[in-house]
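Structure file upload29.csv (CSV, C-alpha atoms) is printed below.
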chain,number,residue,atom,x,y,z
A,8,MET,CA,17.0,-4.6,-7.8
A,9,MET,CA,13.3,-5.4,-8.5
A,10,ARG,CA,13.5,-8.5,-6.4
A,11,ASN,CA,14.9,-6.7,-3.4
A,12,ARG,CA,12.4,-3.9,-3.8
A,13,LEU,CA,9.5,-6.4,-3.8
A,14,LEU,CA,10.8,-8.1,-0.6
A,15,ALA,CA,11.6,-4.8,1.1
A,16,LEU,CA,8.1,-3.4,0.5
A,17,ALA,CA,6.4,-6.6,1.5
A,18,LEU,CA,8.4,-6.7,4.8
A,19,ALA,CA,7.7,-3.0,5.5
A,20,ALA,CA,4.0,-3.5,4.9
A,21,PHE,CA,4.0,-6.4,7.3
A,22,ILE,CA,5.7,-4.5,10.0
A,23,VAL,CA,3.4,-1.6,9.5
A,24,SER,CA,0.3,-3.8,10.0
A,25,ILE,CA,1.4,-5.0,13.4
A,26,VAL,CA,3.2,-2.1,15.0
A,27,VAL,CA,1.3,1.0,16.2
A,28,VAL,CA,3.0,4.2,15.0
A,29,GLY,CA,1.4,7.6,14.8
A,30,ALA,CA,0.4,8.8,11.4
A,31,ALA,CA,-1.9,11.5,10.0
A,32,GLY,CA,-4.1,11.4,6.9
A,33,ALA,CA,-7.1,12.6,5.1
A,34,SER,CA,-10.6,11.1,5.6
A,35,HIS,CA,-12.1,8.9,2.9
A,36,SER,CA,-14.3,10.4,0.2
A,37,ASP,CA,-17.1,8.5,-1.3
A,38,SER,CA,-17.9,8.1,-5.0
A,39,ASP,CA,-19.8,11.4,-4.9
A,40,GLY,CA,-16.8,13.3,-3.6
A,41,VAL,CA,-18.5,14.0,-0.2
A,42,ARG,CA,-16.2,13.5,2.8
A,43,GLU,CA,-17.4,11.3,5.6
A,44,PRO,CA,-18.3,13.2,8.8
A,45,THR,CA,-15.5,14.0,11.1
A,46,PRO,CA,-15.9,12.7,14.7
A,47,VAL,CA,-17.3,15.3,17.0
A,48,PRO,CA,-17.7,15.4,20.7
A,49,ALA,CA,-21.1,14.4,22.1
A,50,ALA,CA,-23.0,16.6,24.6
A,51,ASP,CA,-21.4,14.6,27.4
A,52,GLY,CA,-17.9,15.1,25.9
A,53,ALA,CA,-17.7,11.5,24.6
A,54,ARG,CA,-16.5,10.8,21.1
A,55,THR,CA,-19.3,10.5,18.5
A,56,VAL,CA,-18.8,9.4,14.9
A,57,THR,CA,-21.3,8.7,12.1
A,58,VAL,CA,-20.4,6.3,9.3
A,59,THR,CA,-22.3,5.0,6.2
A,60,ASP,CA,-21.9,1.2,6.0
A,61,ASP,CA,-21.8,-0.9,2.9
A,62,ALA,CA,-25.5,-1.4,3.0
A,63,GLY,CA,-26.0,2.3,2.8
A,64,LYS,CA,-27.2,2.7,6.3
A,65,THR,CA,-26.0,5.6,8.5
A,66,VAL,CA,-24.8,4.4,11.8
A,67,THR,CA,-23.8,6.6,14.8
A,68,ILE,CA,-21.3,5.3,17.2
A,69,ARG,CA,-20.8,7.0,20.6
A,70,GLY,CA,-17.6,6.6,22.5
A,71,ILE,CA,-14.8,4.1,21.7
A,72,PRO,CA,-16.2,0.6,21.4
A,73,GLN,CA,-14.7,-1.8,23.9
A,74,ARG,CA,-16.7,-4.9,23.2
A,75,ILE,CA,-16.8,-5.7,19.5
A,76,VAL,CA,-18.4,-8.7,17.9
A,77,SER,CA,-17.5,-9.8,14.4
A,78,LEU,CA,-19.9,-11.9,12.4
A,79,ALA,CA,-17.8,-12.6,9.3
A,80,PRO,CA,-14.3,-14.0,8.8
A,81,SER,CA,-13.2,-11.0,6.6
A,82,ASN,CA,-14.4,-8.5,9.2
A,83,THR,CA,-12.4,-10.4,11.8
A,84,GLU,CA,-9.3,-10.2,9.7
A,85,ILE,CA,-9.7,-6.5,9.3
A,86,LEU,CA,-10.2,-5.9,13.0
A,87,TYR,CA,-7.1,-7.9,13.9
A,88,ALA,CA,-5.1,-6.0,11.3
A,89,LEU,CA,-6.2,-2.8,13.0
A,90,GLY,CA,-4.8,-4.0,16.4
A,91,LEU,CA,-8.2,-4.6,18.0
A,92,GLU,CA,-7.6,-8.1,19.4
A,93,ASP,CA,-8.1,-7.0,23.0
A,94,ARG,CA,-11.4,-5.4,22.2
A,95,ILE,CA,-12.9,-8.3,20.1
A,96,ALA,CA,-15.3,-9.9,22.4
A,97,ALA,CA,-16.6,-12.7,20.1
A,98,VAL,CA,-16.4,-14.0,16.6
A,99,THR,CA,-18.2,-16.8,14.5
A,100,GLU,CA,-17.0,-20.4,14.2
A,101,ARG,CA,-15.9,-19.6,10.7
A,102,CYS,CA,-13.5,-16.9,11.8
A,103,ASP,CA,-10.3,-18.9,11.8
A,104,TYR,CA,-7.6,-16.3,11.0
A,105,PRO,CA,-5.4,-15.1,12.6
A,106,PRO,CA,-4.8,-18.1,14.9
A,107,ALA,CA,-5.6,-16.0,18.0
A,108,THR,CA,-9.3,-16.3,17.0
A,109,ASP,CA,-9.3,-19.8,18.5
A,110,GLY,CA,-9.4,-18.3,22.0
A,111,LYS,CA,-12.4,-16.0,21.3
A,112,PRO,CA,-15.9,-16.9,22.3
A,113,LYS,CA,-18.0,-18.1,19.4
A,114,VAL,CA,-21.5,-16.8,18.5
A,115,GLY,CA,-22.5,-19.5,16.0
A,116,GLY,CA,-21.8,-19.9,12.3
A,117,PHE,CA,-21.3,-17.4,9.6
A,118,SER,CA,-24.9,-17.7,8.3
A,119,THR,CA,-26.3,-19.3,11.5
A,120,VAL,CA,-25.6,-16.6,14.0
A,121,ASN,CA,-26.9,-17.4,17.5
A,122,ILE,CA,-28.6,-14.2,18.6
A,123,GLU,CA,-28.9,-15.2,22.2
A,124,ARG,CA,-25.1,-15.6,22.4
A,125,VAL,CA,-24.6,-12.2,20.8
A,126,ILE,CA,-26.9,-10.7,23.4
A,127,ALA,CA,-25.0,-12.4,26.2
A,128,ILE,CA,-21.8,-10.8,25.0
A,129,GLU,CA,-23.3,-7.3,25.5
A,130,PRO,CA,-21.4,-5.8,22.6
A,131,ASP,CA,-21.3,-2.1,22.0
A,132,LEU,CA,-20.5,-2.6,18.3
A,133,ILE,CA,-21.2,-5.4,15.8
A,134,PHE,CA,-19.5,-5.8,12.4
A,135,ALA,CA,-21.9,-7.9,10.3
A,136,ALA,CA,-22.1,-9.0,6.6
A,137,PRO,CA,-25.0,-9.7,4.3
A,138,ALA,CA,-24.5,-13.4,4.6
A,139,ASN,CA,-25.5,-13.2,8.3
A,140,THR,CA,-29.0,-12.8,6.8
A,141,GLU,CA,-31.3,-9.8,6.9
A,142,GLU,CA,-33.4,-11.4,9.6
A,143,VAL,CA,-30.5,-11.7,12.0
A,144,ILE,CA,-29.3,-8.1,11.3
A,145,ASP,CA,-32.7,-6.6,11.7
A,146,ARG,CA,-33.3,-8.5,14.9
A,147,LEU,CA,-30.0,-7.2,16.4
A,148,ARG,CA,-30.8,-3.7,15.4
A,149,SER,CA,-34.3,-4.1,16.9
A,150,LEU,CA,-32.6,-4.8,20.2
A,151,CYS,CA,-30.9,-1.4,20.0
A,152,MET,CA,-27.5,-2.9,19.1
A,153,THR,CA,-25.1,-0.9,16.9
A,154,VAL,CA,-24.5,-2.8,13.7
A,155,VAL,CA,-22.1,-1.9,10.8
A,156,ILE,CA,-22.3,-4.0,7.7
A,157,LEU,CA,-19.1,-4.6,5.7
A,158,ASP,CA,-19.5,-6.1,2.2
A,159,PRO,CA,-16.4,-5.4,0.0
A,160,GLN,CA,-16.6,-6.5,-3.6
A,161,THR,CA,-13.3,-5.2,-4.9
A,162,ILE,CA,-9.8,-4.6,-3.6
A,163,ASP,CA,-10.6,-0.8,-3.4
A,164,ASP,CA,-13.7,-1.7,-1.3
A,165,VAL,CA,-11.4,-3.6,1.1
A,166,LEU,CA,-9.3,-0.5,1.6
A,167,HIS,CA,-12.4,1.6,2.1
A,168,ASP,CA,-13.8,-0.9,4.7
A,169,ILE,CA,-10.5,-0.8,6.6
A,170,GLU,CA,-10.9,3.0,6.8
A,171,LEU,CA,-14.5,2.6,7.8
A,172,ALA,CA,-13.7,0.1,10.5
A,173,GLY,CA,-10.9,2.4,11.7
A,174,ARG,CA,-13.3,5.3,12.1
A,175,ALA,CA,-15.9,3.2,13.8
A,176,THR,CA,-13.5,1.9,16.4
A,177,GLY,CA,-11.3,4.9,17.0
A,178,GLN,CA,-8.4,3.3,15.1
A,179,GLU,CA,-8.2,6.0,12.4
A,180,GLU,CA,-4.4,6.3,12.4
A,181,GLU,CA,-3.9,2.6,12.4
A,182,ALA,CA,-6.3,2.2,9.4
A,183,LEU,CA,-4.5,4.9,7.4
A,184,MET,CA,-1.1,3.3,8.0
A,185,LEU,CA,-2.5,-0.1,7.0
A,186,ILE,CA,-4.1,1.3,3.9
A,187,ASP,CA,-0.9,3.1,2.9
A,188,GLY,CA,1.2,-0.1,3.3
A,189,LEU,CA,-1.3,-2.1,1.2
A,190,ARG,CA,-1.5,0.5,-1.5
A,191,LYS,CA,2.3,0.5,-1.8
A,192,ARG,CA,2.3,-3.3,-2.2
A,193,ILE,CA,-0.5,-3.1,-4.8
A,194,GLU,CA,1.4,-0.4,-6.8
A,195,ASN,CA,4.6,-2.5,-6.6
A,196,VAL,CA,2.7,-5.5,-8.1
A,197,THR,CA,1.2,-3.5,-10.9
A,198,GLU,CA,4.6,-2.0,-11.7
A,199,ILE,CA,6.1,-5.5,-11.9
A,200,ALA,CA,3.3,-6.6,-14.2
A,201,ALA,CA,3.9,-3.7,-16.5
A,202,GLU,CA,7.7,-4.3,-16.6
A,203,SER,CA,7.4,-8.0,-17.1
A,204,ARG,CA,8.2,-9.6,-20.4
A,205,ALA,CA,5.2,-11.9,-20.1
A,206,ALA,CA,2.3,-10.7,-22.4
A,207,HIS,CA,-0.8,-11.0,-20.2
A,208,PRO,CA,-1.0,-14.8,-20.0
A,209,SER,CA,-4.5,-16.4,-19.7
A,210,VAL,CA,-5.3,-17.7,-16.2
A,211,ALA,CA,-8.1,-19.9,-15.0
A,212,HIS,CA,-9.0,-20.0,-11.3
A,213,VAL,CA,-10.8,-23.2,-10.4
A,214,ILE,CA,-12.8,-23.4,-7.1
A,215,TRP,CA,-14.2,-26.9,-7.5
A,216,HIS,CA,-13.8,-29.8,-9.8
A,217,ASP,CA,-17.0,-31.9,-9.6
A,218,PRO,CA,-18.4,-30.2,-11.6
A,219,LEU,CA,-15.8,-27.6,-12.7
A,220,TRP,CA,-16.5,-24.3,-11.1
A,221,ILE,CA,-14.5,-21.3,-12.2
A,222,SER,CA,-14.1,-17.6,-11.2
A,223,GLY,CA,-15.4,-15.3,-13.9
A,224,ALA,CA,-15.7,-11.5,-14.0
A,225,ARG,CA,-16.7,-9.4,-11.0
A,226,THR,CA,-15.0,-11.7,-8.5
A,227,PHE,CA,-12.0,-11.1,-6.2
A,228,GLN,CA,-10.1,-13.8,-8.1
A,229,ASP,CA,-10.7,-12.1,-11.5
A,230,GLU,CA,-9.4,-8.8,-10.1
A,231,VAL,CA,-6.3,-10.5,-8.6
A,232,ILE,CA,-5.6,-12.1,-12.0
A,233,ARG,CA,-5.9,-8.9,-13.9
A,234,MET,CA,-4.0,-6.7,-11.5
A,235,ALA,CA,-1.2,-9.3,-11.4
A,236,GLY,CA,-0.8,-8.9,-15.2
A,237,GLY,CA,-2.9,-11.8,-16.4
A,238,THR,CA,-6.0,-12.3,-18.4
A,239,ASN,CA,-8.9,-14.2,-16.9
A,240,ALA,CA,-9.4,-17.2,-19.3
A,241,PHE,CA,-13.1,-17.1,-18.3
A,242,GLY,CA,-13.5,-13.3,-18.0
A,243,SER,CA,-16.5,-13.4,-20.4
A,244,ILE,CA,-18.5,-15.3,-17.7
A,245,ASP,CA,-20.1,-13.3,-14.9
A,246,GLY,CA,-19.3,-14.4,-11.3
A,247,TRP,CA,-18.7,-18.0,-10.4
A,248,SER,CA,-20.0,-20.5,-12.9
A,249,ILE,CA,-19.9,-24.1,-14.0
A,250,VAL,CA,-18.1,-24.9,-17.2
A,251,SER,CA,-17.9,-28.2,-19.0
A,252,LEU,CA,-14.7,-30.2,-19.2
A,253,GLU,CA,-14.8,-29.7,-23.0
A,254,GLU,CA,-15.0,-25.9,-22.7
A,255,PHE,CA,-12.1,-25.9,-20.2
A,256,ILE,CA,-10.0,-28.0,-22.5
A,257,THR,CA,-10.8,-25.8,-25.5
A,258,THR,CA,-9.9,-22.7,-23.5
A,259,ASN,CA,-6.5,-24.2,-22.7
A,260,PRO,CA,-5.4,-21.5,-20.1
A,261,ASP,CA,-1.7,-20.7,-19.8
A,262,TYR,CA,-1.9,-21.0,-16.0
A,263,ILE,CA,-4.3,-22.7,-13.7
A,264,LEU,CA,-4.8,-21.6,-10.1
A,265,VAL,CA,-6.7,-24.0,-7.9
A,266,SER,CA,-8.2,-23.3,-4.5
A,267,SER,CA,-6.6,-25.3,-1.6
A,268,GLY,CA,-8.1,-28.1,0.5
A,269,SER,CA,-10.6,-30.8,0.0
A,270,GLY,CA,-13.7,-28.6,0.4
A,271,MET,CA,-15.0,-30.9,3.1
A,272,ASP,CA,-12.7,-31.2,6.0
A,273,ARG,CA,-9.7,-29.6,7.7
A,274,ASP,CA,-7.2,-31.9,6.0
A,275,GLU,CA,-4.2,-31.4,3.8
A,276,TYR,CA,-5.5,-33.0,0.7
A,277,ASP,CA,-5.8,-30.6,-2.3
A,278,ALA,CA,-8.6,-32.2,-4.2
A,279,ILE,CA,-8.8,-29.8,-7.1
A,280,TYR,CA,-5.1,-29.9,-7.8
A,281,ASN,CA,-5.0,-33.7,-7.7
A,282,TYR,CA,-8.0,-34.0,-10.0
A,283,ILE,CA,-6.4,-31.7,-12.6
A,284,VAL,CA,-3.0,-33.3,-12.7
A,285,HIS,CA,-4.4,-36.8,-12.8
A,286,GLU,CA,-7.5,-36.5,-15.0
A,287,PRO,CA,-6.5,-38.2,-18.3
A,288,ARG,CA,-8.6,-35.8,-20.5
A,289,LEU,CA,-6.7,-32.8,-19.1
A,290,GLN,CA,-3.2,-34.0,-19.9
A,291,ARG,CA,-3.2,-32.3,-23.3
A,292,LEU,CA,-3.5,-28.8,-21.6
A,293,ASP,CA,-0.4,-26.7,-21.8
A,294,ALA,CA,-0.6,-25.7,-18.2
A,295,VAL,CA,-0.7,-29.4,-17.1
A,296,ARG,CA,2.1,-30.5,-19.5
A,297,GLU,CA,4.4,-27.7,-18.4
A,298,GLY,CA,3.6,-27.7,-14.7
A,299,ARG,CA,1.9,-24.3,-14.5
A,300,ILE,CA,-0.7,-25.4,-11.9
A,301,TYR,CA,-0.6,-23.6,-8.6
A,302,VAL,CA,-2.5,-24.1,-5.3
A,303,ILE,CA,-3.6,-20.9,-3.7
A,304,ASP,CA,-5.2,-20.7,-0.2
A,305,ALA,CA,-8.9,-20.7,-0.7
A,306,ASP,CA,-9.5,-18.2,2.2
A,307,VAL,CA,-6.7,-15.7,1.2
A,308,VAL,CA,-8.0,-15.4,-2.4
A,309,SER,CA,-11.7,-15.1,-1.6
A,310,ARG,CA,-12.0,-13.0,1.6
A,311,GLY,CA,-12.4,-9.3,1.5
A,312,SER,CA,-9.6,-8.7,4.0
A,313,PRO,CA,-6.0,-7.3,3.9
A,314,ARG,CA,-4.8,-10.8,2.9
A,315,ILE,CA,-6.3,-10.3,-0.6
A,316,VAL,CA,-3.1,-8.3,-1.3
A,317,ASP,CA,-1.1,-11.4,-0.2
A,318,ALA,CA,-3.0,-13.3,-3.0
A,319,LEU,CA,-2.2,-10.5,-5.5
A,320,GLU,CA,1.5,-10.8,-4.7
A,321,GLU,CA,1.4,-14.6,-4.9
A,322,VAL,CA,-0.2,-14.7,-8.3
A,323,ALA,CA,2.2,-12.0,-9.6
A,324,GLY,CA,5.0,-14.2,-8.5
A,325,TYR,CA,3.6,-17.1,-10.5
A,326,LEU,CA,3.0,-15.1,-13.6
A,327,HIS,CA,6.2,-13.0,-13.6
A,328,PRO,CA,9.0,-15.0,-12.2
A,329,ASP,CA,11.4,-13.0,-14.3
A,330,THR,CA,10.8,-10.0,-12.1
A,331,ALA,CA,9.4,-11.4,-8.9
A,332,GLY,CA,12.3,-13.9,-8.6
A,333,ALA,CA,13.0,-15.0,-5.1
A,334,GLY,CA,9.6,-13.8,-4.0
A,335,THR,CA,7.8,-16.4,-6.1
A,336,PRO,CA,5.9,-19.0,-4.0
A,337,GLU,CA,6.6,-22.7,-4.5
A,338,ALA,CA,4.7,-24.6,-7.1
A,339,ALA,CA,1.5,-26.5,-6.4
A,340,GLY,CA,1.5,-29.3,-3.9
A,341,THR,CA,3.6,-27.4,-1.4
A,342,VAL,CA,0.9,-24.9,-0.4
A,343,GLN,CA,-1.6,-26.6,1.9
A,344,SER,CA,-4.5,-25.1,3.9
A,345,PRO,CA,-7.6,-26.5,5.6
A,346,GLY,CA,-9.7,-25.2,2.7
A,347,PHE,CA,-12.2,-23.9,5.2
A,348,GLY,CA,-13.0,-20.9,3.0
A,349,ALA,CA,-13.9,-23.3,0.2
A,350,ILE,CA,-16.6,-24.9,2.3
A,351,VAL,CA,-18.5,-21.6,2.6
A,352,LEU,CA,-17.8,-20.6,-1.1
A,353,ILE,CA,-18.9,-24.0,-2.5
A,354,GLY,CA,-22.0,-23.9,-0.4
A,355,ALA,CA,-22.9,-20.5,-1.8
A,356,LEU,CA,-22.2,-21.6,-5.3
A,357,PHE,CA,-24.4,-24.7,-4.8
A,358,ILE,CA,-27.2,-22.5,-3.7
A,359,VAL,CA,-26.7,-20.3,-6.8
A,360,PHE,CA,-26.7,-23.4,-9.0
A,361,LEU,CA,-30.0,-24.6,-7.5
A,362,ILE,CA,-31.6,-21.2,-8.0
A,363,ARG,CA,-30.4,-21.2,-11.7
A,364,THR,CA,-31.9,-24.6,-12.3
A,365,LYS,CA,-35.3,-23.4,-11.0
A,366,GLU,CA,-35.4,-20.3,-13.1
Structure rendered as structure tokens:
Amino acid sequence: MMRNRLLALALAAFIVSIVVVGAAGASHSDSDGVREPTPVPAADGARTVTVTDDAGKTVTIRGIPQRIVSLAPSNTEILYALGLEDRIAAVTERCDYPPATDGKPKVGGFSTVNIERVIAIEPDLIFAAPANTEEVIDRLRSLCMTVVILDPQTIDDVLHDIELAGRATGQEEEALMLIDGLRKRIENVTEIAAESRAAHPSVAHVIWHDPLWISGARTFQDEVIRMAGGTNAFGSIDGWSIVSLEEFITTNPDYILVSSGSGMDRDEYDAIYNYIVHEPRLQRLDAVREGRIYVIDADVVSRGSPRIVDALEEVAGYLHPDTAGAGTPEAAGTVQSPGFGAIVLIGALFIVFLIRTKE
């Protein structure tokens, strides 16, 4: 029964995310309990809505945006999930999901936005992210462009940003439906974790192997592990950090999740997985000896988009096969991805490492 329930809810949520059906719901309330402003007609009769973005800036949007530019992969995934494909005028070169993004005009890289290309698109709404750099965002705003910053740090933040994007684009009903479907899937996972016979196994998530970079507290990966019923083996470490091989061996996690790809090119070589299963010094680990090493798509588990719930379900399937059953993904080596998200993440981690060494 639990297996059928998991599959049914996942299928229902998927259908909800791609089919437009009318739905009603309440507007989001912020942490102070103050409701976001309700859209009101402008003096000329056009729709006007005011939102507060993740940078704390109040942004007023007039009318229904028809030419939207997304400057972050996670933003793009949210916009597509809201059914806005026809209104997305351009994305960055790093926006590679869904596949339909291939046909969209590109406005430079994630952290190397080409302002001239953005201007040429003549957008009426831009969804940006802090990684686009303050200089670029300030420049766009100085050109009287409407910019909304999305910067989700938790799964709840992702749900909030879906609602925010829905209000900003006039897709409120689609946003509420999408959020409702995602919440049901999240609740199903937490119920499975609570009912499972497994006693919160320790889980390590490795994002690179040379040196060993792991996901500590206050990361999406940490939240996914905990919500799926596991314990982050490196939860005492804040953020992403390097650990020594000796520390990793001593910790001896019950499960090891590794990001997909080579971290360098769009190939099908899972470098981290191959390192862990072939490194002689790691052969004594329980997870290695018992085959509990799993490849997880680097983009899915690191982007603040609706697919973070896919990652949650996937990890729950690994940790609780007794309840997830048929919904459990295949073991490591069968899940391959370009590892494109790993390039951005590893680059960011390298910068953090350089900063630490200079402190």
TODO: Please indicate the distance in Å from atom CA of Phe255 of chain A to atom CA of Gln228 of chain A, rounded to one decimal place.
DONE: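 Interatomic distance here is 17.2 Å.
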Open item on the list: Which residues are close to segment 290-296 of chain A, i.e. within 8 Å by all atoms listed in the file, leaving aside same-chain residues fewer than 2 positions away? Reply as an NGL selection string.
Closed with: :A and (256 or 259-263 or 283-288 or 298-300)
Task: Separation of atom CA of Glu129 of chain A from atom CA of Ile169 of chain A, in Å and rounded to one decimal - done: 23.7 Å
TODO: Please provide the set of residues having any atom within 12 Å of Asp109 of chain A, restricted to all atoms listed in the file, with same-chain residues fewer than 4 positions apart removed, written as a PyMOL selection string.
DONE: chain A and resi 83+92+97-105+113
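Nearest residue to Glu194 of chain A, choosing from A:Met234, A:Phe241, A:Leu86, A:Ile128 and counting all atoms listed in the file: A:Met234.
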Task: d(atom CA of Ala138 of chain A, atom CA of Ala278 of chain A) in Å - done: 26.1 Å
Would you kindly return, as a compact mmCIF listing (two decimals) with C-alpha atoms, keeping the file's coordinate frame, each protein, DNA or RNA residue with an atom no farther than 9 Å from any atom of segment 172-175 of chain A, considering only C-alpha atoms and excluding same-chain residues fewer than 4 positions away?
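And here is the file that came out, selection.txt:
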# COMPACT_ATOMS: atom_id res chain seq x y z
CA PRO A 46 -15.90 12.70 14.70
CA VAL A 56 -18.80 9.40 14.90
CA THR A 57 -21.30 8.70 12.10
CA VAL A 58 -20.40 6.30 9.30
CA THR A 67 -23.80 6.60 14.80
CA ILE A 68 -21.30 5.30 17.20
CA ILE A 71 -14.80 4.10 21.70
CA PRO A 72 -16.20 0.60 21.40
CA ASN A 82 -14.40 -8.50 9.20
CA ILE A 85 -9.70 -6.50 9.30
CA LEU A 86 -10.20 -5.90 13.00
CA LEU A 89 -6.20 -2.80 13.00
CA LEU A 132 -20.50 -2.60 18.30
CA PHE A 134 -19.50 -5.80 12.40
CA VAL A 155 -22.10 -1.90 10.80
CA LEU A 157 -19.10 -4.60 5.70
CA HIS A 167 -12.40 1.60 2.10
CA ASP A 168 -13.80 -0.90 4.70
CA GLU A 179 -8.20 6.00 12.40
CA GLU A 180 -4.40 6.30 12.40
CA GLU A 181 -3.90 2.60 12.40
CA ALA A 182 -6.30 2.20 9.40
CA LEU A 183 -4.50 4.90 7.40
TODO: Find, counting all atoms listed in the file, the residue in A:Phe227, A:Tyr325, A:Trp220, A:Phe117 that gets nearest to Ser251 of chain A.
DONE: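 Of A:Phe227, A:Tyr325, A:Trp220, A:Phe117, the one nearest Ser251 of chain A, counting all atoms listed in the file, is A:Trp220.
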- [ ] Choose the residue, out of A:Glu202, A:Glu142, A:Asp61, A:Asp131, that has the smallest atom-to-atom separation from Arg94 of chain A; count all atoms listed in the file.
- [x] A:Asp131
If we count only C-alpha atoms, what is near Asp93 of chain A at a cut-off of 10 Å, once residues fewer than 4 positions away on the same chain are taken out, given as an mmCIF file with C-alpha atoms, in the frame of the given file?
data_model
loop_
_atom_site.group_PDB
_atom_site.id
_atom_site.type_symbol
_atom_site.label_atom_id
_atom_site.label_comp_id
_atom_site.auth_asym_id
_atom_site.auth_seq_id
_atom_site.Cartn_x
_atom_site.Cartn_y
_atom_site.Cartn_z
ATOM 1 C CA GLN A 73 -14.700 -1.800 23.900
ATOM 2 C CA ARG A 74 -16.700 -4.900 23.200
ATOM 3 C CA ILE A 75 -16.800 -5.700 19.500
ATOM 4 C CA TYR A 87 -7.100 -7.900 13.900
#
Task: Option closest in space to Val154 of chain A, from A:Pro130, A:Gly223, A:Gly242, A:Gly177 [counting only C-alpha atoms] - done: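 Once distances to Val154 of chain A are computed over only C-alpha atoms, the minimum belongs to A:Pro130.
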Task: For Ala201 of chain A: contacts at 12 Å, all atoms listed in the file, fewer than 3 positions along chain excluded, given as a list in words - done: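 In the requested form, the answer reads Glu194, Asn195, Val196, Thr197, Glu198, Arg204, Ala205, Ala206, His207, Arg233, Met234, Ala235, Gly236, Gly237, Ala323, Leu326, His327 and Thr330 of chain A.
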